[in-house]
$ cat coords.txt   # compact mmCIF, C-alpha atoms
# COMPACT_ATOMS: atom_id res chain seq x y z
CA MET A 1 95.83 144.76 80.94
CA LYS A 2 92.46 145.64 79.50
CA LYS A 3 90.13 142.67 79.25
CA ARG A 4 88.58 141.85 75.89
CA LYS A 5 84.80 141.68 75.63
CA VAL A 6 83.58 138.25 74.60
CA ASN A 7 80.03 136.90 74.42
CA ILE A 8 80.02 133.26 75.46
CA ALA A 9 77.07 130.86 75.35
CA VAL A 10 77.20 127.95 77.79
CA THR A 11 74.96 124.89 78.23
CA GLY A 12 74.67 122.51 81.19
CA LEU A 13 72.98 124.85 83.66
CA ASN A 14 71.29 122.12 85.68
CA ALA A 15 72.42 121.39 89.20
CA ILE A 16 70.75 118.28 90.49
CA ASP A 17 72.67 115.58 92.41
CA SER A 18 74.40 114.80 89.11
CA PRO A 19 75.11 118.42 88.25
CA GLY A 20 75.92 119.85 84.85
CA PRO A 21 79.27 121.57 84.28
CA GLY A 22 77.72 124.83 83.01
CA VAL A 23 77.67 126.84 86.24
CA PRO A 24 81.27 125.94 87.25
CA VAL A 25 82.44 126.70 83.69
CA ILE A 26 80.77 130.10 83.94
CA ARG A 27 82.36 130.77 87.33
CA ALA A 28 85.72 130.03 85.73
CA LEU A 29 84.98 132.40 82.84
CA ARG A 30 83.88 135.13 85.22
CA GLU A 31 87.29 134.87 86.88
CA SER A 32 89.16 135.19 83.61
CA THR A 33 91.99 137.69 83.65
CA LEU A 34 91.83 138.00 79.85
CA PHE A 35 88.15 138.29 79.01
CA ASP A 36 85.33 140.55 80.05
CA THR A 37 82.55 138.04 79.51
CA ARG A 38 78.88 138.38 78.74
CA ILE A 39 77.40 134.99 79.49
CA ILE A 40 74.43 133.60 77.63
CA GLY A 41 72.93 130.53 79.26
CA LEU A 42 71.44 127.85 77.02
CA SER A 43 68.98 125.66 78.87
CA TYR A 44 66.71 122.72 78.14
CA GLU A 45 64.32 123.01 81.04
CA ALA A 46 62.78 125.91 82.94
CA LEU A 47 64.01 124.59 86.29
CA GLU A 48 67.72 124.60 85.50
CA PRO A 49 69.08 126.74 88.36
CA GLY A 50 71.68 128.53 86.24
CA ILE A 51 68.89 130.40 84.44
CA TYR A 52 68.11 132.28 87.65
CA MET A 53 71.71 133.02 88.69
CA HIS A 54 71.76 136.56 87.39
CA ASP A 55 75.11 137.36 88.95
CA LEU A 56 76.65 134.65 86.73
CA ILE A 57 74.44 134.58 83.64
CA ASP A 58 73.38 137.71 81.80
CA LYS A 59 70.62 136.19 79.67
CA SER A 60 69.24 132.68 79.22
CA TYR A 61 67.52 131.02 76.29
CA GLN A 62 65.83 127.66 76.00
CA ILE A 63 67.19 125.45 73.24
CA PRO A 64 65.55 122.33 71.76
CA LEU A 65 66.40 118.93 73.22
CA PRO A 66 68.89 116.88 71.15
CA ALA A 67 66.04 114.61 70.02
CA ALA A 68 64.65 117.52 67.97
CA GLY A 69 67.68 117.31 65.67
CA ALA A 70 70.57 119.50 64.55
CA ASP A 71 68.49 121.69 62.21
CA SER A 72 66.16 122.66 64.98
CA LEU A 73 69.14 123.56 67.21
CA MET A 74 70.74 125.58 64.40
CA ASN A 75 67.56 127.58 63.82
CA ARG A 76 67.33 128.40 67.51
CA LEU A 77 71.01 129.43 67.62
CA ARG A 78 70.45 131.74 64.63
CA TYR A 79 67.69 133.49 66.55
CA ILE A 80 69.80 133.79 69.73
CA HIS A 81 72.81 135.00 67.78
CA GLN A 82 70.75 137.79 66.19
CA LYS A 83 70.14 139.16 69.65
CA GLU A 84 73.35 138.32 71.44
CA LYS A 85 76.16 138.23 68.86
CA ILE A 86 77.69 135.10 70.32
CA ASP A 87 81.48 134.74 69.91
CA VAL A 88 81.98 131.31 71.48
CA ILE A 89 79.70 128.40 72.43
CA ILE A 90 80.77 125.90 75.10
CA PRO A 91 78.48 122.85 75.10
CA ASN A 92 78.73 120.76 78.25
CA PHE A 93 76.47 117.73 77.82
CA ASP A 94 77.51 114.44 76.27
CA ALA A 95 74.11 114.01 74.64
CA GLU A 96 74.19 117.36 72.82
CA LEU A 97 77.81 117.24 71.66
CA PHE A 98 77.11 115.24 68.53
CA HIS A 99 74.91 118.04 67.14
CA PHE A 100 77.30 120.79 68.17
CA ILE A 101 80.23 118.99 66.54
CA ARG A 102 78.22 118.53 63.35
CA LEU A 103 77.21 122.20 63.39
CA ALA A 104 80.66 123.59 64.27
CA ASP A 105 81.63 124.46 60.67
CA THR A 106 78.25 126.01 59.89
CA LEU A 107 78.31 128.03 63.08
CA LYS A 108 81.73 129.42 62.17
CA ARG A 109 81.02 130.01 58.49
CA GLU A 110 77.52 131.41 58.76
CA LEU A 111 77.51 133.17 62.12
CA ASN A 112 81.20 133.46 63.03
CA ILE A 113 80.55 131.56 66.25
CA HIS A 114 83.62 129.71 67.49
CA THR A 115 83.66 126.35 69.21
CA PHE A 116 86.54 124.16 70.37
CA LEU A 117 85.43 120.57 70.09
CA PRO A 118 86.82 117.20 69.09
CA ASP A 119 85.89 116.00 65.61
CA ILE A 120 83.24 113.33 65.13
CA GLU A 121 85.82 110.55 64.77
CA GLN A 122 87.55 111.49 68.04
CA PHE A 123 84.20 111.87 69.77
CA GLU A 124 82.89 108.48 68.65
CA ALA A 125 86.18 106.62 69.14
CA ARG A 126 86.32 107.28 72.89
CA HIS A 127 82.66 106.43 73.41
CA LYS A 128 81.98 103.91 76.20
CA VAL A 129 80.88 101.50 73.51
CA ASN A 130 84.34 101.61 71.88
CA LEU A 131 86.46 102.24 74.95
CA GLU A 132 88.24 98.90 75.03
CA ALA A 133 89.54 99.30 71.47
CA TYR A 134 90.32 102.96 72.14
CA GLY A 135 92.37 102.05 75.20
CA ALA A 136 94.33 99.45 73.25
CA GLN A 137 95.00 101.98 70.49
CA HIS A 138 96.34 104.59 72.91
CA GLY A 139 98.17 102.31 75.32
CA LEU A 140 95.69 102.54 78.23
CA LYS A 141 94.38 99.59 80.18
CA VAL A 142 90.60 99.34 80.14
CA PRO A 143 88.50 96.81 82.07
CA GLN A 144 86.96 94.14 79.89
CA SER A 145 83.70 95.41 78.40
CA ARG A 146 80.81 94.12 76.36
CA ILE A 147 78.01 95.91 74.60
CA ILE A 148 74.55 94.47 74.98
CA THR A 149 71.53 95.42 72.97
CA ARG A 150 69.17 92.56 73.85
CA TYR A 151 67.79 91.17 77.04
CA SER A 152 68.67 87.65 75.92
CA GLU A 153 72.41 88.44 76.00
CA ILE A 154 72.42 88.85 79.77
CA ALA A 155 72.34 85.14 80.56
CA SER A 156 75.62 84.50 78.76
CA LEU A 157 77.52 87.25 80.62
CA SER A 158 78.61 84.83 83.34
CA GLU A 159 80.68 82.96 80.71
CA GLU A 160 82.85 86.06 80.22
CA PHE A 161 82.58 88.00 83.47
CA THR A 162 82.81 87.39 87.17
CA TYR A 163 80.16 89.10 89.27
CA PRO A 164 79.89 91.84 90.44
CA LEU A 165 80.07 93.85 87.23
CA MET A 166 79.19 97.36 86.16
CA VAL A 167 76.19 98.13 83.97
CA LYS A 168 76.47 101.49 82.22
CA GLY A 169 74.12 103.73 80.26
CA LYS A 170 75.04 104.95 76.80
CA PHE A 171 75.59 108.51 78.03
CA TYR A 172 75.28 108.58 81.80
CA GLU A 173 74.81 106.46 84.92
CA ALA A 174 76.43 103.24 86.03
CA TYR A 175 75.27 100.61 88.48
CA MET A 176 76.89 97.62 90.07
CA ALA A 177 75.15 94.26 89.53
CA TYR A 178 75.77 91.18 91.64
CA THR A 179 73.45 88.82 89.75
CA PRO A 180 72.04 88.41 86.22
CA GLU A 181 68.67 89.55 87.61
CA GLN A 182 70.21 92.84 88.73
CA VAL A 183 71.76 93.26 85.26
CA GLN A 184 68.25 92.87 83.82
CA THR A 185 66.91 95.57 86.15
CA TRP A 186 69.66 98.03 85.26
CA PHE A 187 69.44 97.14 81.56
CA ASN A 188 65.75 98.07 81.58
CA LYS A 189 66.30 101.28 83.50
CA LEU A 190 69.29 102.47 81.47
CA SER A 191 67.98 101.53 78.04
CA ALA A 192 64.66 103.26 78.79
CA LYS A 193 66.46 106.42 79.89
CA TRP A 194 69.45 106.69 77.57
CA GLY A 195 68.68 104.26 74.76
CA LEU A 196 70.70 101.31 73.51
CA PRO A 197 73.27 99.92 73.74
CA VAL A 198 73.97 99.27 77.39
CA ILE A 199 77.58 98.58 78.36
CA VAL A 200 78.67 95.86 80.74
CA GLN A 201 82.12 96.32 82.24
CA GLU A 202 84.33 94.23 84.51
CA PHE A 203 84.36 95.71 88.03
CA VAL A 204 87.79 96.92 89.11
CA SER A 205 88.20 97.67 92.77
CA GLY A 206 90.50 100.51 93.78
CA GLN A 207 90.79 104.22 94.36
CA GLU A 208 88.60 106.38 92.12
CA LEU A 209 90.60 109.13 90.50
CA ASN A 210 89.65 111.68 87.87
CA VAL A 211 91.59 114.05 85.66
CA THR A 212 90.16 117.18 84.10
CA ALA A 213 92.27 118.17 81.13
CA ILE A 214 92.25 120.11 77.88
CA GLY A 215 94.10 119.57 74.61
CA ASP A 216 94.95 121.92 71.76
CA GLY A 217 94.05 119.49 68.96
CA HIS A 218 97.68 119.19 67.87
CA GLY A 219 98.69 116.58 70.42
CA ASN A 220 99.54 118.96 73.25
CA MET A 221 98.00 118.91 76.69
CA VAL A 222 97.30 122.51 77.67
CA GLY A 223 96.35 121.74 81.25
CA ALA A 224 95.48 118.87 83.56
CA VAL A 225 94.52 118.52 87.20
CA PRO A 226 94.06 115.10 88.84
CA MET A 227 91.59 114.70 91.67
CA ARG A 228 90.74 111.96 94.12
CA LYS A 229 87.09 111.69 95.10
CA GLN A 230 86.65 112.32 98.82
CA TYR A 231 82.90 112.06 99.20
CA VAL A 232 80.81 110.17 96.67
CA THR A 233 77.02 110.38 96.32
CA ASP A 234 74.82 107.36 95.75
CA LYS A 235 75.01 108.23 92.05
CA GLY A 236 78.77 107.88 92.16
CA LYS A 237 79.33 111.62 91.76
CA ALA A 238 82.10 113.37 93.63
CA TRP A 239 80.59 115.74 96.18
CA SER A 240 84.04 116.66 97.41
CA GLY A 241 87.49 115.91 96.11
CA ILE A 242 91.11 116.85 96.49
CA SER A 243 93.82 117.62 93.94
CA ILE A 244 96.62 115.08 94.10
CA ASP A 245 100.18 114.67 92.92
CA ASP A 246 100.23 111.64 90.65
CA PRO A 247 102.73 111.79 87.78
CA VAL A 248 101.37 108.55 86.30
CA LEU A 249 97.93 110.08 85.83
CA LEU A 250 99.39 113.16 84.20
CA SER A 251 101.50 111.11 81.87
CA MET A 252 98.49 108.93 80.95
CA ALA A 253 96.58 112.09 80.05
CA ALA A 254 99.51 113.61 78.15
CA ASN A 255 100.04 110.39 76.17
CA LEU A 256 96.37 110.29 75.29
CA PHE A 257 96.45 113.85 73.94
CA ARG A 258 99.67 113.10 72.05
CA SER A 259 98.37 110.00 70.36
CA SER A 260 94.78 111.13 69.75
CA ALA A 261 95.34 114.89 69.11
CA TRP A 262 92.16 115.43 71.14
CA ARG A 263 90.75 118.93 70.73
CA GLY A 264 89.03 120.50 73.69
CA PRO A 265 88.24 119.44 77.25
CA LEU A 266 87.86 115.94 78.59
CA GLU A 267 87.62 114.10 81.85
CA LEU A 268 89.37 110.79 82.48
CA GLU A 269 87.85 108.44 85.03
CA ILE A 270 90.48 106.08 86.36
CA VAL A 271 90.66 103.38 89.01
CA ARG A 272 94.04 102.88 90.68
CA THR A 273 94.55 99.41 92.08
CA ASP A 274 97.56 98.48 94.22
CA ASP A 275 99.80 98.14 91.20
CA ASP A 276 97.99 99.43 88.13
CA TYR A 277 95.76 102.06 86.56
CA PHE A 278 92.58 101.30 84.60
CA LEU A 279 90.76 103.77 82.40
CA ILE A 280 87.05 103.46 83.16
CA GLU A 281 85.63 106.22 81.02
CA ILE A 282 86.47 109.32 78.97
CA ASN A 283 83.95 112.14 79.16
CA PRO A 284 84.30 114.46 76.16
CA ARG A 285 83.68 117.70 78.05
CA PHE A 286 84.50 119.58 81.22
CA PRO A 287 83.45 117.74 84.38
CA ALA A 288 81.16 119.41 86.92
CA TRP A 289 84.17 119.74 89.26
CA VAL A 290 86.24 121.74 86.73
CA TYR A 291 86.22 124.75 89.05
CA LEU A 292 88.71 122.86 91.23
CA ALA A 293 91.21 123.28 88.37
CA VAL A 294 90.68 127.06 88.58
CA GLY A 295 91.20 126.86 92.33
CA CYS A 296 94.46 125.02 91.68
CA GLY A 297 95.71 127.70 89.28
CA GLN A 298 94.59 126.35 85.89
CA ASN A 299 91.64 128.11 84.24
CA HIS A 300 90.74 125.53 81.59
CA PRO A 301 87.53 127.25 80.38
CA GLU A 302 89.53 130.45 79.80
CA ALA A 303 92.11 128.44 77.83
CA LEU A 304 89.30 126.93 75.77
CA VAL A 305 87.98 130.36 74.83
CA GLN A 306 91.46 131.48 73.81
CA MET A 307 91.92 128.44 71.59
CA ALA A 308 88.40 128.74 70.16
CA LEU A 309 89.30 132.28 69.11
CA GLY A 310 92.40 130.95 67.37
CA GLU A 311 94.94 132.07 69.94
CA GLU A 312 97.89 130.02 71.05
CA VAL A 313 97.88 129.01 74.68
CA LYS A 314 100.98 128.24 76.67
CA PRO A 315 100.44 124.94 78.51
CA TYR A 316 100.02 125.17 82.25
CA GLU A 317 103.04 123.69 84.01
CA ARG A 318 101.89 123.46 87.60
CA TYR A 319 98.86 123.26 89.83
CA ASP A 320 98.27 123.37 93.58
CA ILE A 321 98.25 119.98 95.27
CA GLY A 322 96.01 119.34 98.26
CA LYS A 323 93.23 121.79 97.30
CA LEU A 324 89.74 120.55 98.03
CA PHE A 325 86.39 121.27 96.47
CA ILE A 326 83.38 120.79 98.70
CA ARG A 327 80.07 120.98 96.88
CA TYR A 328 76.89 122.21 98.50
CA SER A 329 73.32 122.81 97.48
CA PHE A 330 71.70 126.20 97.79
CA ASP A 331 68.04 127.16 97.64
CA MET A 332 67.32 130.19 95.49
CA ILE A 333 64.07 132.07 95.87
CA VAL A 334 62.66 132.90 92.45
CA GLY A 335 59.66 135.04 91.58
CA LEU A 336 56.88 133.36 89.63
CA GLU A 337 57.16 135.98 86.87
CA GLU A 338 60.69 134.79 86.04
CA PHE A 339 59.62 131.16 85.91
CA MET A 340 56.64 132.14 83.75
CA LYS A 341 58.83 134.11 81.37
CA ILE A 342 61.34 131.34 80.68
CA SER A 343 58.51 128.77 80.49
CA THR A 344 56.37 130.67 78.01
CA GLN A 345 58.80 132.87 76.07
CA GLY A 346 61.87 130.63 76.24
CA GLU A 347 64.16 133.40 77.39
CA LEU A 348 64.96 135.30 80.55
CA MET B 349 111.94 102.43 107.06
CA LYS B 350 111.58 105.59 105.02
CA LEU B 351 108.49 107.69 104.46
CA LYS B 352 107.40 108.92 101.05
CA LYS B 353 109.29 112.11 100.34
CA ASN B 354 106.25 114.24 99.59
CA ILE B 355 104.23 113.50 102.75
CA ALA B 356 102.93 116.77 104.21
CA LEU B 357 102.81 117.12 107.97
CA SER B 358 101.35 119.88 110.11
CA ASP B 359 102.39 120.78 113.65
CA THR B 360 98.92 119.76 114.81
CA GLY B 361 99.37 116.16 113.63
CA PHE B 362 97.58 116.27 110.28
CA VAL B 363 99.26 113.98 107.74
CA PHE B 364 98.51 114.39 104.02
CA ASP B 365 99.65 112.04 101.28
CA PRO B 366 99.56 114.16 98.08
CA SER B 367 99.90 111.17 95.78
CA THR B 368 96.73 109.47 97.00
CA GLY B 369 94.79 112.31 98.59
CA ASP B 370 94.56 110.36 101.84
CA SER B 371 94.76 112.28 105.09
CA PHE B 372 95.18 111.13 108.69
CA THR B 373 95.60 112.56 112.15
CA VAL B 374 98.20 111.32 114.62
CA ASN B 375 98.71 111.93 118.32
CA PRO B 376 101.76 113.87 119.61
CA ILE B 377 103.97 110.76 119.87
CA GLY B 378 102.99 109.65 116.36
CA LEU B 379 103.75 113.15 115.12
CA GLU B 380 107.15 113.04 116.75
CA ILE B 381 108.00 109.67 115.18
CA ILE B 382 106.91 110.83 111.72
CA LYS B 383 108.97 114.01 112.07
CA HIS B 384 112.04 111.94 112.97
CA LEU B 385 111.41 109.59 110.06
CA LYS B 386 111.06 112.53 107.70
CA ASP B 387 114.35 113.91 109.00
CA GLY B 388 115.95 110.59 108.05
CA MET B 389 116.72 109.53 111.62
CA SER B 390 117.59 105.85 112.09
CA LYS B 391 115.31 103.42 113.91
CA ASP B 392 117.80 103.00 116.77
CA ALA B 393 118.16 106.73 117.25
CA ILE B 394 114.38 107.19 117.34
CA LEU B 395 113.97 104.32 119.83
CA GLY B 396 116.67 105.79 122.04
CA LEU B 397 115.06 109.23 122.04
CA LEU B 398 111.60 107.86 122.83
CA ALA B 399 112.85 105.61 125.64
CA GLU B 400 114.65 108.55 127.22
CA GLN B 401 111.83 111.02 126.74
CA TYR B 402 108.98 108.83 127.99
CA GLU B 403 110.86 107.00 130.70
CA THR B 404 109.88 103.56 129.62
CA ASP B 405 111.77 100.39 128.82
CA ALA B 406 113.28 99.63 125.46
CA VAL B 407 111.13 96.54 124.83
CA ASN B 408 107.87 98.48 125.06
CA VAL B 409 109.17 101.33 122.94
CA GLU B 410 110.35 98.93 120.24
CA LYS B 411 107.02 97.08 120.21
CA ASP B 412 104.99 100.32 119.92
CA TYR B 413 107.36 101.66 117.30
CA ALA B 414 106.93 98.47 115.24
CA ASP B 415 103.12 98.70 115.53
CA PHE B 416 103.17 102.32 114.44
CA THR B 417 105.52 101.86 111.48
CA ASN B 418 103.58 98.78 110.34
CA MET B 419 100.50 100.96 110.29
CA LEU B 420 102.31 103.62 108.23
CA HIS B 421 103.22 100.89 105.77
CA LYS B 422 99.66 99.57 105.62
CA LEU B 423 98.42 103.10 104.99
CA LYS B 424 100.84 103.30 102.05
CA LEU B 425 102.82 106.17 103.49
CA THR B 426 106.19 104.51 103.04
CA GLU B 427 108.78 104.77 100.32
CA ALA B 428 107.92 101.27 99.03
CA HIS B 429 104.54 102.63 97.91
CA GLU B 430 106.08 105.71 96.40
CA LYS B 431 107.95 103.46 93.99
CA ALA B 432 104.84 101.36 93.27
CA GLN B 433 102.87 104.51 92.37
CA GLY B 434 105.60 105.82 90.08

$ encode --input "coords.txt" --output "structure tokens"
Amino acid sequence: MKKRKVNIAVTGLNAIDSPGPGVPVIRALRESTLFDTRIIGLSYEALEPGIYMHDLIDKSYQIPLPAAGADSLMNRLRYIHQKEKIDVIIPNFDAELFHFIRLADTLKRELNIHTFLPDIEQFEARHKVNLEAYGAQHGLKVPQSRIITRYSEIASLSEEFTYPLMVKGKFYEAYMAYTPEQVQTWFNKLSAKWGLPVIVQEFVSGQELNVTAIGDGHGNMVGAVPMRKQYVTDKGKAWSGISIDDPVLLSMAANLFRSSAWRGPLELEIVRTDDDYFLIEINPRFPAWVYLAVGCGQNHPEALVQMALGEEVKPYERYDIGKLFIRYSFDMIVGLEEFMKISTQGEL
Amino acid sequence: MKLKKNIALSDTGFVFDPSTGDSFTVNPIGLEIIKHLKDGMSKDAILGLLAEQYETDAVNVEKDYADFTNMLHKLKLTEAHEKAQG
């Protein structure tokens, strides 16, 4: 079968110890059996490694940080589209999704660029800040949570919670706190980095499991692969993991898609105790370990592109159990002229 | 005692529990016991085989067998945990 040519722009090209999903998403797209892809990398900083991976990314452009606003992003995308004729954009950062969701209609109408994203209501409803209510609405158990916006609220936490507890940033990062003083430290760090509010969550001890999944927006789960973290970094990120056979996890994910009609990719973070499952977080995008799904026989990024282009996708029915991903870091040698070009001209 | 149905076992003694992602290694005698359990052999039959094969008395075999199967239970490799995990 002849592959169709598609120009796909992808964000999330960073690869620090909390890596972005962009590079694994691109690897998945490069392995597509349906699409002959030209990949346009969208980066925020000149040191995002994906920019220099020329075997994966054909051309990279800097885009403005989310703080610059949606109009600024739209103007930049107009410029990039003039040169690249983008068919599909896959944003991969929590912090940028709000703008991309808001711009989705304009992108389609004005530039014929397709996206496949949840709507604003879906996106906001699953936010960490609202997770407890969201869990109750969709029949998922969520640890007790509280939103704090002021330093003075920390003292009263011991009335509601037993230490240790988790302190979480609005978008990223979570730390365990054993004392009110530690909550204060993490509150300062997280609010300075990600803004307010900060979320305090009951600590649930158990096995950390994740599911990467994708929904068609009509209540159907197109694919899902559950993974158990094997090696966890000091930031709590999986550095290796293994696909597992857990029908409860799959049915939790399927129920969530059915009741929320979630459109696009998501990652469920779940803790399994001896006799129960607790939803800890829903990330509204592909996780950085999404390439494991490809390794297990489900190419979720390819399915996303199909759905973004308006095609029907038959849900995946199986995946390989017992496949591992083992992450590693890799030093690229880059000429100064390339670094200069992306730094000064914003494209490479 | 019955093992979870989906436990994967290699000839080299690598045990993988696909429902939890846990993996273990066992020595040749452990491997043999797990194979017999997977085949649905009864406790008495396994004890008889081991006593004959390793030329030891029944009391020792039974004690070691109990230690080993208790460990399998603690590691959540038994059917009781299969039901708990749905």

$ closest_residue --input "coords.txt" --among "A:Thr106, A:Asn75, A:Ser251, A:Asn92" --to "Val23 of chain A" --atoms "only C-alpha atoms"
A:Asn92

$ atom_distance --input "coords.txt" --atom1 "atom CA of Ile321 of chain A" --atom2 "atom CA of Glu31 of chain A"
20.3 Å

$ interface_residues --input "coords.txt" --of "chain B" --to "chain A" --cutoff "10 Å" --atoms "all atoms listed in the file" --output "PyMOL selection string"
chain B and resi 354+356+364-371+424+429+432-434

$ residues_around --input "coords.txt" --residues "Glu410 of chain B" --least-positions-apart "4" --cutoff "8 Å" --atoms "all atoms listed in the file" --output "list in words"
Leu395, Ala406 and Ala414 of chain B

$ residues_around --input "coords.txt" --residues "Tyr44 of chain A" --least-positions-apart "6" --cutoff "12 Å" --atoms "all atoms listed in the file" --output "MDAnalysis selection string"
chainID A and resid 10:14 20 50:51 60:68 73 93 95:96 342:343 346:347

$ residues_around --input "coords.txt" --residues "Leu351 of chain B" --least-positions-apart "3" --cutoff "9 Å" --atoms "all atoms listed in the file" --output "ChimeraX atom specification"
/B:354-355,382,385-386,388,420-421,425-428,430

$ atom_distance --input "coords.txt" --atom1 "atom CA of Val183 of chain A" --atom2 "atom CA of Pro197 of chain A"
13.4 Å

$ residues_around --input "coords.txt" --residues "Leu131 of chain A" --least-positions-apart "3" --cutoff "12 Å" --atoms "all atoms listed in the file" --output "number ranges by chain"
A: 122-128, 134-147, 170, 199-201, 268-269, 278-283

$ atom_distance --input "coords.txt" --atom1 "atom CA of Asp234 of chain A" --atom2 "atom CA of Met176 of chain A"
11.5 Å

$ residues_around --input "coords.txt" --residues "Ala155 of chain A" --least-positions-apart "3" --cutoff "8 Å" --atoms "only C-alpha atoms" --output "PyMOL selection string"
chain A and resi 152+158+180

$ closest_residue --input "coords.txt" --among "A:Thr149, A:Gln345, A:Thr115, A:Asn220" --to "Lys314 of chain A" --atoms "all atoms listed in the file"
A:Asn220

$ residues_near_point --input "coords.txt" --point "(89.3, 146.1, 75.1)" --cutoff "10 Å" --atoms "all atoms listed in the file" --output "list in words"
Met1, Lys2, Lys3, Arg4, Lys5, Val6, Leu34, Phe35 and Asp36 of chain A

$ write_last_selection --input "coords.txt" --atoms "C-alpha atoms" --output "JSON list (two decimals), in the frame of the given file"
[["chain", "number", "residue", "atom", "x", "y", "z"],
["A", 1, "MET", "CA", 95.83, 144.76, 80.94],
["A", 2, "LYS", "CA", 92.46, 145.64, 79.50],
["A", 3, "LYS", "CA", 90.13, 142.67, 79.25],
["A", 4, "ARG", "CA", 88.58, 141.85, 75.89],
["A", 5, "LYS", "CA", 84.80, 141.68, 75.63],
["A", 6, "VAL", "CA", 83.58, 138.25, 74.60],
["A", 34, "LEU", "CA", 91.83, 138.00, 79.85],
["A", 35, "PHE", "CA", 88.15, 138.29, 79.01],
["A", 36, "ASP", "CA", 85.33, 140.55, 80.05]]

$ closest_residue --input "coords.txt" --among "B:Lys352, B:Asp392, B:Leu357, B:Glu403" --to "Glu380 of chain B" --atoms "only C-alpha atoms"
B:Leu357
